[in-house]
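Reproduced below: entry39.tsv, with TSV, C-alpha atoms (C1' of nucleotides).
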chain	number	residue	atom	x	y	z
A	14	MET	CA	-11.38	-8.53	-5.11
A	15	ASN	CA	-9.58	-5.54	-6.46
A	16	ASN	CA	-11.88	-3.84	-8.88
A	17	ASP	CA	-9.68	-0.81	-8.98
A	18	ILE	CA	-7.62	-0.35	-12.10
A	19	PHE	CA	-4.38	-0.20	-10.29
A	20	VAL	CA	-2.88	-0.01	-6.84
A	21	GLU	CA	0.32	1.93	-7.02
A	22	MET	CA	2.73	0.56	-4.51
A	23	ILE	CA	5.21	3.31	-3.98
A	24	SER	CA	3.74	6.70	-3.21
A	25	LYS	CA	3.98	9.60	-5.59
A	26	LYS	CA	6.05	11.31	-2.96
A	27	THR	CA	8.73	8.65	-3.22
A	28	LYS	CA	8.59	8.60	-6.98
A	29	TYR	CA	8.85	12.38	-7.20
A	30	ALA	CA	11.66	12.37	-4.65
A	31	ILE	CA	13.67	9.88	-6.65
A	32	ASN	CA	13.12	11.80	-9.87
A	33	ALA	CA	14.14	15.05	-8.25
A	34	LEU	CA	17.26	13.48	-6.74
A	35	VAL	CA	18.33	11.93	-10.00
A	36	PHE	CA	17.75	15.26	-11.70
A	37	LEU	CA	19.93	17.04	-9.16
A	38	ALA	CA	22.56	14.34	-9.33
A	39	LYS	CA	22.92	14.84	-13.06
A	40	ARG	CA	23.52	18.52	-12.49
A	41	THR	CA	26.02	18.30	-9.69
A	42	GLY	CA	28.41	21.23	-9.74
A	43	GLU	CA	26.00	23.65	-11.34
A	44	GLY	CA	25.13	25.26	-8.04
A	45	PRO	CA	21.63	25.56	-6.57
A	46	ILE	CA	18.70	24.69	-8.81
A	47	VAL	CA	15.35	26.33	-8.17
A	48	ILE	CA	12.30	24.29	-7.21
A	49	SER	CA	10.28	25.48	-10.18
A	50	GLU	CA	12.84	24.23	-12.65
A	51	ILE	CA	12.84	20.77	-11.11
A	52	ALA	CA	9.04	20.82	-10.97
A	53	GLU	CA	8.73	21.75	-14.61
A	54	LYS	CA	11.37	19.47	-16.04
A	55	GLU	CA	10.27	16.48	-13.98
A	56	HIS	CA	6.54	17.16	-14.25
A	57	ILE	CA	5.94	17.41	-10.53
A	58	PRO	CA	3.31	19.75	-8.99
A	59	ARG	CA	5.34	22.63	-7.69
A	60	LYS	CA	3.87	23.04	-4.21
A	61	PHE	CA	3.94	19.33	-3.64
A	62	LEU	CA	7.57	19.17	-4.64
A	63	GLU	CA	8.37	21.93	-2.16
A	64	SER	CA	7.44	19.78	0.78
A	65	ILE	CA	9.25	16.79	-0.66
A	66	LEU	CA	12.49	18.71	-1.06
A	67	LEU	CA	12.09	20.05	2.43
A	68	ASN	CA	11.86	16.50	3.73
A	69	LEU	CA	14.94	15.51	1.80
A	70	LYS	CA	16.74	18.46	3.28
A	71	LYS	CA	15.73	17.56	6.81
A	72	ALA	CA	16.94	14.05	6.12
A	73	GLY	CA	20.33	15.44	5.18
A	74	LEU	CA	20.31	14.50	1.51
A	75	LEU	CA	19.88	18.01	0.17
A	76	ALA	CA	20.83	21.53	1.12
A	77	SER	CA	19.20	24.75	0.04
A	78	LYS	CA	20.03	28.37	-0.46
A	79	LYS	CA	17.45	31.12	-0.11
A	80	GLY	CA	17.05	34.33	-2.08
A	81	LYS	CA	18.14	35.20	-5.58
A	82	GLY	CA	20.45	32.60	-7.04
A	83	GLY	CA	19.17	30.14	-4.48
A	84	GLY	CA	17.74	26.66	-4.89
A	85	TYR	CA	18.49	23.10	-3.93
A	86	TYR	CA	21.56	20.96	-4.39
A	87	LEU	CA	22.80	17.53	-3.35
A	88	LEU	CA	24.61	17.39	-0.05
A	89	GLN	CA	25.85	13.85	-0.49
A	90	ASP	CA	27.71	12.05	-3.20
A	91	PRO	CA	25.35	10.43	-5.75
A	92	GLU	CA	27.15	7.18	-4.95
A	93	ASP	CA	25.97	7.41	-1.37
A	94	ILE	CA	22.27	8.04	-1.87
A	95	ASN	CA	20.30	4.90	-2.59
A	96	LEU	CA	16.68	4.13	-3.35
A	97	ALA	CA	16.21	2.11	-0.18
A	98	ASP	CA	16.88	5.15	1.97
A	99	VAL	CA	14.62	7.37	-0.08
A	100	MET	CA	11.77	4.89	0.00
A	101	ARG	CA	12.09	4.43	3.74
A	102	LEU	CA	12.00	8.15	4.23
A	103	PHE	CA	8.62	8.60	2.60
A	104	ASP	CA	6.92	5.24	2.64
A	105	GLY	CA	8.29	3.79	5.83
A	106	PRO	CA	9.83	0.34	6.13
A	107	ILE	CA	10.39	-1.74	3.03
A	108	ALA	CA	8.54	-4.86	4.02
A	109	PHE	CA	5.23	-6.55	3.43
A	110	LEU	CA	4.71	-7.23	7.12
A	111	PRO	CA	5.54	-5.21	10.23
A	112	CYS	CA	6.89	-8.31	11.93
A	113	VAL	CA	9.81	-8.57	9.52
A	114	THR	CA	11.02	-5.01	9.96
A	115	TYR	CA	13.74	-4.04	12.34
A	116	LYS	CA	13.12	-0.39	13.16
A	117	TYR	CA	9.35	-0.51	12.95
A	118	TYR	CA	8.81	-3.98	14.31
A	119	GLU	CA	5.28	-4.78	15.32
A	120	ARG	CA	3.76	-8.11	16.11
A	121	CYS	CA	0.83	-9.29	14.00
A	122	GLU	CA	-2.27	-9.33	16.17
A	123	GLU	CA	-3.59	-12.54	14.75
A	124	CYS	CA	-0.29	-14.38	14.87
A	125	LYS	CA	-0.20	-17.40	17.10
A	126	ASP	CA	3.48	-18.20	17.20
A	127	GLU	CA	5.82	-15.80	15.51
A	128	GLU	CA	8.85	-18.01	16.03
A	129	THR	CA	7.49	-20.70	13.79
A	130	CYS	CA	5.40	-18.58	11.42
A	131	GLY	CA	6.01	-19.82	7.90
A	132	ILE	CA	4.42	-16.75	6.37
A	133	ARG	CA	6.79	-14.50	8.26
A	134	ASP	CA	9.69	-16.59	7.07
A	135	VAL	CA	8.70	-16.11	3.45
A	136	PHE	CA	8.17	-12.39	3.78
A	137	PHE	CA	11.43	-11.98	5.61
A	138	GLU	CA	13.25	-13.47	2.67
A	139	VAL	CA	11.44	-11.15	0.28
A	140	LYS	CA	12.22	-8.12	2.36
A	141	LYS	CA	15.90	-9.05	2.64
A	142	LYS	CA	16.30	-9.41	-1.09
A	143	THR	CA	14.36	-6.23	-1.83
A	144	VAL	CA	16.41	-4.13	0.53
A	145	GLU	CA	19.58	-5.61	-0.91
A	146	LEU	CA	18.62	-4.65	-4.45
A	147	LEU	CA	17.45	-1.18	-3.48
A	148	LYS	CA	20.57	-0.51	-1.44
A	149	GLN	CA	22.65	-1.25	-4.52
A	150	ALA	CA	20.62	1.26	-6.49
A	151	SER	CA	22.44	4.50	-5.82
A	152	LEU	CA	21.70	7.63	-7.82
A	153	SER	CA	24.84	7.05	-9.88
A	154	GLU	CA	23.78	3.48	-10.49
A	155	VAL	CA	20.37	4.64	-11.70
A	156	ILE	CA	21.99	7.14	-14.04
A	157	LYS	CA	24.43	4.53	-15.26
A	158	ARG	CA	21.54	2.22	-16.10
A	159	GLU	CA	19.76	4.95	-18.00
A	160	SER	CA	22.54	4.97	-20.50
A	161	GLY	CA	21.63	1.42	-21.33
A	162	LEU	CA	25.03	0.01	-20.47
A	163	ILE	CA	23.50	-2.31	-17.95
A	164	SER	CA	20.03	-3.60	-18.62
A	165	HIS	CA	18.02	-6.17	-16.76
A	166	LEU	CA	14.80	-5.70	-18.70
B	29	MET	CA	7.83	12.49	6.19
B	30	ASN	CA	5.99	9.50	7.56
B	31	ASN	CA	4.92	10.37	11.05
B	32	ASP	CA	2.64	7.38	11.17
B	33	ILE	CA	3.81	4.52	13.31
B	34	PHE	CA	3.66	2.02	10.54
B	35	VAL	CA	2.53	1.59	6.96
B	36	GLU	CA	1.44	-1.96	6.51
B	37	MET	CA	2.26	-3.02	3.04
B	38	ILE	CA	0.06	-6.00	2.46
B	39	SER	CA	-3.59	-5.48	3.26
B	40	LYS	CA	-5.33	-7.25	6.10
B	41	LYS	CA	-7.42	-8.92	3.45
B	42	THR	CA	-4.38	-10.62	1.99
B	43	LYS	CA	-2.99	-11.52	5.38
B	44	TYR	CA	-6.30	-12.98	6.49
B	45	ALA	CA	-6.67	-14.82	3.20
B	46	ILE	CA	-3.27	-16.44	3.57
B	47	ASN	CA	-3.97	-17.43	7.15
B	48	ALA	CA	-7.33	-18.90	6.21
B	49	LEU	CA	-5.83	-20.82	3.31
B	50	VAL	CA	-3.02	-22.24	5.40
B	51	PHE	CA	-5.56	-23.21	8.02
B	52	LEU	CA	-7.67	-25.02	5.45
B	53	ALA	CA	-4.62	-26.64	3.90
B	54	LYS	CA	-3.68	-28.17	7.24
B	55	ARG	CA	-7.11	-29.69	7.49
B	56	THR	CA	-7.42	-31.10	4.02
B	57	GLY	CA	-9.60	-34.18	3.94
B	58	GLU	CA	-11.73	-33.19	6.92
B	59	GLY	CA	-14.54	-31.95	4.72
B	60	PRO	CA	-16.04	-28.46	4.79
B	61	ILE	CA	-15.01	-26.16	7.62
B	62	VAL	CA	-17.40	-23.45	8.73
B	63	ILE	CA	-16.48	-19.78	8.45
B	64	SER	CA	-16.91	-19.13	12.14
B	65	GLU	CA	-14.38	-21.78	13.08
B	66	ILE	CA	-11.76	-20.27	10.78
B	67	ALA	CA	-12.62	-16.81	12.07
B	68	GLU	CA	-12.22	-17.84	15.68
B	69	LYS	CA	-9.09	-19.93	15.36
B	70	GLU	CA	-7.33	-17.43	13.12
B	71	HIS	CA	-8.59	-14.31	14.91
B	72	ILE	CA	-10.26	-12.81	11.90
B	73	PRO	CA	-13.45	-10.72	12.12
B	74	ARG	CA	-16.17	-13.09	11.01
B	75	LYS	CA	-18.07	-10.89	8.56
B	76	PHE	CA	-14.88	-9.65	7.01
B	77	LEU	CA	-13.66	-13.19	6.52
B	78	GLU	CA	-16.92	-14.08	4.78
B	79	SER	CA	-16.19	-11.73	1.91
B	80	ILE	CA	-12.59	-12.85	1.72
B	81	LEU	CA	-13.55	-16.49	1.40
B	82	LEU	CA	-16.11	-15.57	-1.20
B	83	ASN	CA	-13.38	-13.90	-3.22
B	84	LEU	CA	-11.17	-16.93	-2.90
B	85	LYS	CA	-14.04	-19.06	-4.08
B	86	LYS	CA	-14.69	-16.86	-7.10
B	87	ALA	CA	-11.00	-17.10	-7.88
B	88	GLY	CA	-11.27	-20.88	-7.91
B	89	LEU	CA	-9.08	-21.61	-4.91
B	90	LEU	CA	-11.88	-22.64	-2.60
B	91	ALA	CA	-15.24	-24.34	-2.86
B	92	SER	CA	-18.12	-24.13	-0.44
B	93	LYS	CA	-21.08	-26.13	0.67
B	94	LYS	CA	-24.19	-24.47	1.99
B	95	GLY	CA	-26.54	-25.60	4.72
B	96	LYS	CA	-25.92	-27.83	7.69
B	97	GLY	CA	-22.61	-29.61	7.50
B	98	GLY	CA	-21.44	-27.02	5.05
B	99	GLY	CA	-18.41	-24.80	5.01
B	100	TYR	CA	-15.33	-24.11	2.93
B	101	TYR	CA	-12.60	-26.38	1.63
B	102	LEU	CA	-9.62	-26.16	-0.67
B	103	LEU	CA	-10.31	-26.83	-4.30
B	104	GLN	CA	-6.68	-27.02	-5.31
B	105	ASP	CA	-3.69	-28.91	-4.03
B	106	PRO	CA	-1.76	-27.00	-1.34
B	107	GLU	CA	1.27	-27.40	-3.59
B	108	ASP	CA	-0.45	-25.41	-6.28
B	109	ILE	CA	-1.58	-22.37	-4.31
B	110	ASN	CA	1.13	-19.81	-3.79
B	111	LEU	CA	1.39	-16.50	-2.02
B	112	ALA	CA	2.01	-14.55	-5.22
B	113	ASP	CA	-1.41	-15.51	-6.56
B	114	VAL	CA	-3.14	-14.70	-3.29
B	115	MET	CA	-1.48	-11.32	-3.00
B	116	ARG	CA	-2.34	-10.43	-6.57
B	117	LEU	CA	-5.94	-11.34	-5.97
B	118	PHE	CA	-6.43	-8.87	-3.16
B	119	ASP	CA	-3.71	-6.28	-3.49
B	120	GLY	CA	-3.28	-6.20	-7.22
B	121	PRO	CA	0.06	-6.48	-8.99
B	122	ILE	CA	3.20	-7.21	-7.02
B	123	ALA	CA	5.34	-4.30	-8.07
B	124	PHE	CA	6.43	-0.93	-6.84
B	125	LEU	CA	5.60	0.74	-10.12
B	126	PRO	CA	2.81	0.20	-12.64
B	127	CYS	CA	5.29	0.40	-15.49
B	128	VAL	CA	6.98	-2.84	-14.46
B	129	THR	CA	3.82	-4.93	-14.30
B	130	TYR	CA	2.61	-7.09	-17.11
B	131	LYS	CA	-1.13	-7.39	-16.64
B	132	TYR	CA	-1.71	-3.97	-15.14
B	133	TYR	CA	0.85	-2.07	-17.11
B	134	GLU	CA	0.51	1.67	-17.00
B	135	ARG	CA	2.96	4.31	-18.04
B	136	CYS	CA	4.22	6.77	-15.42
B	137	GLU	CA	2.84	10.19	-16.27
B	138	GLU	CA	6.02	12.00	-15.42
B	139	CYS	CA	8.30	9.59	-17.20
B	140	LYS	CA	10.24	11.04	-20.08
B	141	ASP	CA	11.67	7.95	-21.71
B	142	GLU	CA	10.57	4.62	-20.38
B	143	GLU	CA	13.00	2.68	-22.53
B	144	THR	CA	15.99	4.13	-20.80
B	145	CYS	CA	14.51	4.76	-17.36
B	146	GLY	CA	17.03	3.63	-14.78
B	147	ILE	CA	14.47	3.72	-12.00
B	148	ARG	CA	12.22	1.39	-13.90
B	149	ASP	CA	15.12	-0.93	-14.47
B	150	VAL	CA	15.81	-1.16	-10.74
B	151	PHE	CA	12.19	-1.74	-9.81
B	152	PHE	CA	11.80	-4.32	-12.50
B	153	GLU	CA	14.59	-6.33	-10.95
B	154	VAL	CA	12.98	-6.04	-7.52
B	155	LYS	CA	9.62	-7.12	-8.82
B	156	LYS	CA	11.10	-10.09	-10.66
B	157	LYS	CA	12.85	-11.37	-7.58
B	158	THR	CA	9.84	-10.78	-5.34
B	159	VAL	CA	7.46	-12.65	-7.60
B	160	GLU	CA	9.98	-15.47	-7.89
B	161	LEU	CA	10.19	-15.86	-4.12
B	162	LEU	CA	6.44	-15.59	-3.61
B	163	LYS	CA	5.71	-18.09	-6.37
B	164	GLN	CA	7.90	-20.60	-4.60
B	165	ALA	CA	5.94	-20.07	-1.42
B	166	SER	CA	3.08	-22.53	-1.81
B	167	LEU	CA	0.80	-23.37	1.08
B	168	SER	CA	2.70	-26.62	1.62
B	169	GLU	CA	5.96	-24.73	1.59
B	170	VAL	CA	4.64	-22.32	4.22
B	171	ILE	CA	3.52	-25.21	6.39
B	172	LYS	CA	6.84	-26.96	5.90
B	173	ARG	CA	8.66	-23.86	7.05
B	174	GLU	CA	6.48	-23.60	10.12
B	175	SER	CA	7.92	-26.83	11.36
B	176	GLY	CA	11.28	-25.13	11.50
B	177	LEU	CA	12.96	-27.57	9.13
B	178	ILE	CA	13.86	-24.76	6.79
B	179	SER	CA	14.59	-21.40	8.28
B	180	HIS	CA	15.85	-18.26	6.65
B	181	LEU	CA	15.49	-16.01	9.66
C	11	DG	C1'	13.77	48.24	-1.11
C	12	DA	C1'	12.28	45.22	-4.53
C	13	DA	C1'	12.54	40.93	-6.48
C	14	DT	C1'	13.67	36.24	-5.77
C	15	DA	C1'	13.35	31.96	-3.57
C	16	DG	C1'	12.83	28.82	0.19
C	17	DT	C1'	9.81	27.83	4.74
C	18	DC	C1'	5.88	27.12	7.51
C	19	DT	C1'	1.03	26.35	8.75
C	20	DA	C1'	-3.28	25.08	7.60
C	21	DC	C1'	-6.54	22.97	5.01
C	22	DC	C1'	-9.18	19.91	1.81
C	23	DA	C1'	-11.21	16.44	-1.49
C	24	DA	C1'	-11.01	11.92	-2.95
C	25	DA	C1'	-9.92	7.38	-2.38
C	26	DT	C1'	-9.03	3.28	0.22
C	27	DC	C1'	-9.20	0.16	3.97
C	28	DT	C1'	-11.42	-2.30	7.48
C	29	DA	C1'	-14.94	-3.50	8.86
C	30	DT	C1'	-20.45	-4.13	10.33
C	31	DA	C1'	-25.54	-4.93	9.66
C	32	DG	C1'	-29.13	-7.30	8.00
C	33	DA	C1'	-31.92	-9.56	4.78
C	34	DC	C1'	-31.85	-13.59	1.70
C	35	DT	C1'	-30.96	-18.34	-0.19
C	36	DT	C1'	-29.74	-23.00	0.05
C	37	DT	C1'	-29.31	-27.46	2.32
C	38	DA	C1'	-29.54	-31.25	5.73
C	39	DT	C1'	-32.13	-33.63	8.82
C	40	DA	C1'	-35.39	-34.54	12.57
D	1	DT	C1'	-42.07	-30.10	5.96
D	2	DA	C1'	-40.40	-27.12	9.47
D	3	DT	C1'	-36.35	-25.56	11.32
D	4	DA	C1'	-31.81	-24.62	12.14
D	5	DA	C1'	-27.44	-24.20	10.02
D	6	DA	C1'	-24.55	-22.10	6.87
D	7	DG	C1'	-23.14	-19.52	2.96
D	8	DT	C1'	-24.42	-15.11	-0.15
D	9	DC	C1'	-25.56	-10.46	-1.33
D	10	DT	C1'	-26.14	-5.45	-0.80
D	11	DA	C1'	-25.43	-1.44	1.51
D	12	DT	C1'	-23.18	1.51	4.48
D	13	DA	C1'	-19.93	3.84	7.58
D	14	DG	C1'	-15.82	5.45	10.20
D	15	DA	C1'	-10.97	6.12	10.01
D	16	DT	C1'	-6.93	6.90	7.69
D	17	DT	C1'	-3.98	8.06	3.91
D	18	DT	C1'	-2.80	10.35	-0.23
D	19	DG	C1'	-2.12	13.95	-3.26
D	20	DG	C1'	-2.48	18.48	-3.64
D	21	DT	C1'	-3.52	23.78	-2.83
D	22	DA	C1'	-3.35	28.46	-0.58
D	23	DG	C1'	-1.23	31.96	1.50
D	24	DA	C1'	1.51	34.30	4.71
D	25	DC	C1'	6.34	34.61	6.25
D	26	DT	C1'	11.52	34.82	6.15
D	27	DA	C1'	15.91	35.21	4.23
D	28	DT	C1'	19.04	36.78	0.51
D	29	DT	C1'	20.79	39.27	-3.33
D	30	DC	C1'	21.45	43.24	-6.13
With the file now loaded, output its structure as C-alpha cells.
Amino acid sequence: MNNDIFVEMISKKTKYAINALVFLAKRTGEGPIVISEIAEKEHIPRKFLESILLNLKKAGLLASKKGKGGGYYLLQDPEDINLADVMRLFDGPIAFLPCVTYKYYERCEECKDEETCGIRDVFFEVKKKTVELLKQASLSEVIKRESGLISHL
Amino acid sequence: MNNDIFVEMISKKTKYAINALVFLAKRTGEGPIVISEIAEKEHIPRKFLESILLNLKKAGLLASKKGKGGGYYLLQDPEDINLADVMRLFDGPIAFLPCVTYKYYERCEECKDEETCGIRDVFFEVKKKTVELLKQASLSEVIKRESGLISHL
DNA sequence: GAATAGTCTACCAAATCTATAGACTTTATA
DNA sequence: TATAAAGTCTATAGATTTGGTAGACTATTC
C-alpha cells in the first residue's frame, strides 16, 4: 500500500523544463535570457536548471549565447514545441507499460500472450489519448490557457 | 536526458496485482486459490505476491482463507473492480501533477498562480481522460477484450 | 584582462522499488 | 491431537532513480 504522502508522476526535471520554456516563450524577441533570471523567477534551483537547459539545447529546442549579454532563447516557434516532446525528453515514453510504446517497446516478462492481452489493450488506449492531448499542448496553447480564455477545469 | 533504457510507469506491484486479479476473476466460483498457484501461473515472485494480495485484501477486493484448502478469492464482482482503483491503491493518484488530484492534492511549490496555470489546465484534462478510461476497464472488460471481440490496437 | 555567462565532470544523499528470509498463526483433516 | 498446509507479519537489503551541489573550464564582450 502506498503510505507515502504523494507519488509525483512527472519528474521535477520535466516540470522545471516546461516552466522554463513557457517563461522563454513569453519573452520571445527579447534576446538571450540568463539562467539565473529564469531560475529566480521560476523558483528553480540554479545549478539544476543549468543541466536542464543544456538538455533542451541538445534536443534543439533552445540555443544559447556565452559571455556578457548571453543567455538562452527559444530556437523553435512556441507553436511547435509541445508538452509531449518535453516529457519524452526527460521522463522517457509517455505510457504506463513498455509494451504499448513504439520507440521504447519492451515485452512484459510475465505476459503470456501479448496479442490478446486485455490489459495492454486498455493501456494502449490510455497512452494514445494522453499523447494526443499533450501533443496539442504547445507552449502557445499553454500561454493561451493561462489567460483564462479556454478553461477545462 | 534519460539514458536509461526504459522508465516503467506503473509499478510491478500494480502490474502483478492486475494480473492476479484477472486470474482470480477468470476462476470465480472455484473457491480459494493458493498464492503459489497464482505466482506460478502468472510468473510473479511468490513472496512479493503475498504482500500484494494482502494489500488487496485490506482494500476489500479480496478475501482469504487460511489453512488447508485455503487461498484467495474475489470478494467483489469482476464488473465492479476496475484498473483505476487498483492503480490508485499501489501507485497513488493517477495524475501527472499533485495539483490536479482530488484526494492527494498538493500545491506545486514553484507555481505562481494556480488559478490561471495553463500547465495545470492541460494536465487536468489528461488526468480526467485517463481516469475515465481506466474506470471503464473492469476486470470483466479486460477479460472481454482478451477474447479479441473488442480491439483498439 | 576582467567580468560575465554558459559547459563539463564528478559526486552525493535520500528515497523508492523490488524483492527475500524467516518466524508465526490459523485451519483442516487424518 | 498432531501435522501439514496456507496465509500473516516483521525486518532487511541491493539496485536504481531522483534531485541537487561543487568546482573547474571555456567562450565572449567591453
Any idea what's packed within 9 Å of region 18-24 of chain C, counting only C-alpha atoms (C1' of nucleotides), ignoring anything in its chain fewer than 6 positions away? Could you give it as a list in words?
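What passes the distance filter is DT18, DG20, DT21, DA22, DA24 and DC25 of chain D.
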Could those selected residues go to a file with C-alpha atoms (C1' of nucleotides), as an mmCIF file, in the frame of the given file?
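Generated output (again-v8.cif):
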data_model
loop_
_atom_site.group_PDB
_atom_site.id
_atom_site.type_symbol
_atom_site.label_atom_id
_atom_site.label_comp_id
_atom_site.auth_asym_id
_atom_site.auth_seq_id
_atom_site.Cartn_x
_atom_site.Cartn_y
_atom_site.Cartn_z
ATOM 1 C "C1'" DT D 18 -2.800 10.350 -0.230
ATOM 2 C "C1'" DG D 20 -2.480 18.480 -3.640
ATOM 3 C "C1'" DT D 21 -3.520 23.780 -2.830
ATOM 4 C "C1'" DA D 22 -3.350 28.460 -0.580
ATOM 5 C "C1'" DA D 24 1.510 34.300 4.710
ATOM 6 C "C1'" DC D 25 6.340 34.610 6.250
#
Within 10 Å of chain D, which residues of chain B are there when counting only C-alpha atoms (C1' of nucleotides)? Please give them as a short mmCIF file (atom, residue, chain, number, x, y, z; two decimals) with C-alpha atoms, in the coordinates of the input.
data_model
loop_
_atom_site.label_atom_id
_atom_site.label_comp_id
_atom_site.auth_asym_id
_atom_site.auth_seq_id
_atom_site.Cartn_x
_atom_site.Cartn_y
_atom_site.Cartn_z
CA ASP B 32 2.64 7.38 11.17
CA VAL B 35 2.53 1.59 6.96
CA VAL B 62 -17.40 -23.45 8.73
CA ILE B 63 -16.48 -19.78 8.45
CA SER B 64 -16.91 -19.13 12.14
CA GLU B 78 -16.92 -14.08 4.78
CA SER B 79 -16.19 -11.73 1.91
CA LEU B 82 -16.11 -15.57 -1.20
CA SER B 92 -18.12 -24.13 -0.44
CA LYS B 93 -21.08 -26.13 0.67
CA LYS B 94 -24.19 -24.47 1.99
CA GLY B 95 -26.54 -25.60 4.72
CA LYS B 96 -25.92 -27.83 7.69
CA GLY B 97 -22.61 -29.61 7.50
CA GLY B 98 -21.44 -27.02 5.05
CA GLY B 99 -18.41 -24.80 5.01
CA TYR B 100 -15.33 -24.11 2.93
#
Taking only C-alpha atoms into account, which of B:Glu169, B:Glu68, B:Glu153, B:Glu143 comes nearest Asn110 (chain B)?
B:Glu169
Any idea what's packed within 12 Å of Lys125 (chain A), counting only C-alpha atoms (C1' of nucleotides), ignoring anything in its chain fewer than 3 positions away? Could you give it as number ranges by chain?
A: 120-122, 128-133; B: 47, 69-71, 174
Taking only residues of chain C that have an atom at most 10 Å from an atom of chain B, what is each one's shortest atom pair and its distance in Å to one decimal, using only C-alpha atoms (C1' of nucleotides), in chain and number order, as CSV?
residue,atom,partner,partner_atom,distance
C:DC27,C1',B:Ser39,CA,8.0
C:DT28,C1',B:Lys40,CA,8.0
C:DA29,C1',B:Phe76,CA,6.4
C:DT30,C1',B:Lys75,CA,7.4
C:DA31,C1',B:Lys75,CA,9.6
C:DT35,C1',B:Lys94,CA,9.4
C:DT36,C1',B:Lys94,CA,6.1
C:DT37,C1',B:Gly95,CA,4.1
C:DA38,C1',B:Lys96,CA,5.4
C:DT39,C1',B:Lys96,CA,8.6
Give me a file of those residues, with C-alpha atoms (C1' of nucleotides), as a PDB file, in the frame of the given file.
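Contents of again_39.pdb, freshly written:
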ATOM      1  C1'  DC C  27      -9.200   0.160   3.970  1.00  0.00           C
ATOM      2  C1'  DT C  28     -11.420  -2.300   7.480  1.00  0.00           C
ATOM      3  C1'  DA C  29     -14.940  -3.500   8.860  1.00  0.00           C
ATOM      4  C1'  DT C  30     -20.450  -4.130  10.330  1.00  0.00           C
ATOM      5  C1'  DA C  31     -25.540  -4.930   9.660  1.00  0.00           C
ATOM      6  C1'  DT C  35     -30.960 -18.340  -0.190  1.00  0.00           C
ATOM      7  C1'  DT C  36     -29.740 -23.000   0.050  1.00  0.00           C
ATOM      8  C1'  DT C  37     -29.310 -27.460   2.320  1.00  0.00           C
ATOM      9  C1'  DA C  38     -29.540 -31.250   5.730  1.00  0.00           C
ATOM     10  C1'  DT C  39     -32.130 -33.630   8.820  1.00  0.00           C
TER      11       DT C  39
END
With a distance threshold of 7 Å and counting all atoms listed in the file, extract the residues of chain B near chain A and express them as a ChimeraX atom specification.
/B:29-30,34-38,70-71,83,117-120,123-126,132,138,144-147,149-150,153-154,158,161,165,170-171,173-176,179-181
Dump C-alpha atoms for the selected residues as a tab-separated table (two decimals), keeping the file's coordinate frame?
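In the end it all went to part.tsv:
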chain	number	residue	atom	x	y	z
B	29	MET	CA	7.83	12.49	6.19
B	30	ASN	CA	5.99	9.50	7.56
B	34	PHE	CA	3.66	2.02	10.54
B	35	VAL	CA	2.53	1.59	6.96
B	36	GLU	CA	1.44	-1.96	6.51
B	37	MET	CA	2.26	-3.02	3.04
B	38	ILE	CA	0.06	-6.00	2.46
B	70	GLU	CA	-7.33	-17.43	13.12
B	71	HIS	CA	-8.59	-14.31	14.91
B	83	ASN	CA	-13.38	-13.90	-3.22
B	117	LEU	CA	-5.94	-11.34	-5.97
B	118	PHE	CA	-6.43	-8.87	-3.16
B	119	ASP	CA	-3.71	-6.28	-3.49
B	120	GLY	CA	-3.28	-6.20	-7.22
B	123	ALA	CA	5.34	-4.30	-8.07
B	124	PHE	CA	6.43	-0.93	-6.84
B	125	LEU	CA	5.60	0.74	-10.12
B	126	PRO	CA	2.81	0.20	-12.64
B	132	TYR	CA	-1.71	-3.97	-15.14
B	138	GLU	CA	6.02	12.00	-15.42
B	144	THR	CA	15.99	4.13	-20.80
B	145	CYS	CA	14.51	4.76	-17.36
B	146	GLY	CA	17.03	3.63	-14.78
B	147	ILE	CA	14.47	3.72	-12.00
B	149	ASP	CA	15.12	-0.93	-14.47
B	150	VAL	CA	15.81	-1.16	-10.74
B	153	GLU	CA	14.59	-6.33	-10.95
B	154	VAL	CA	12.98	-6.04	-7.52
B	158	THR	CA	9.84	-10.78	-5.34
B	161	LEU	CA	10.19	-15.86	-4.12
B	165	ALA	CA	5.94	-20.07	-1.42
B	170	VAL	CA	4.64	-22.32	4.22
B	171	ILE	CA	3.52	-25.21	6.39
B	173	ARG	CA	8.66	-23.86	7.05
B	174	GLU	CA	6.48	-23.60	10.12
B	175	SER	CA	7.92	-26.83	11.36
B	176	GLY	CA	11.28	-25.13	11.50
B	179	SER	CA	14.59	-21.40	8.28
B	180	HIS	CA	15.85	-18.26	6.65
B	181	LEU	CA	15.49	-16.01	9.66
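If you look at CA of Leu37 (chain A) and CA of Lys70 (chain A), they are 12.9 Å away from each other.
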In Å, with one decimal, what is the gap from CA of Ala91 (chain B) to CA of Gly59 (chain B)?
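Taking CA of Ala91 (chain B) as the start and CA of Gly59 (chain B) as the end point, the length is 10.8 Å.
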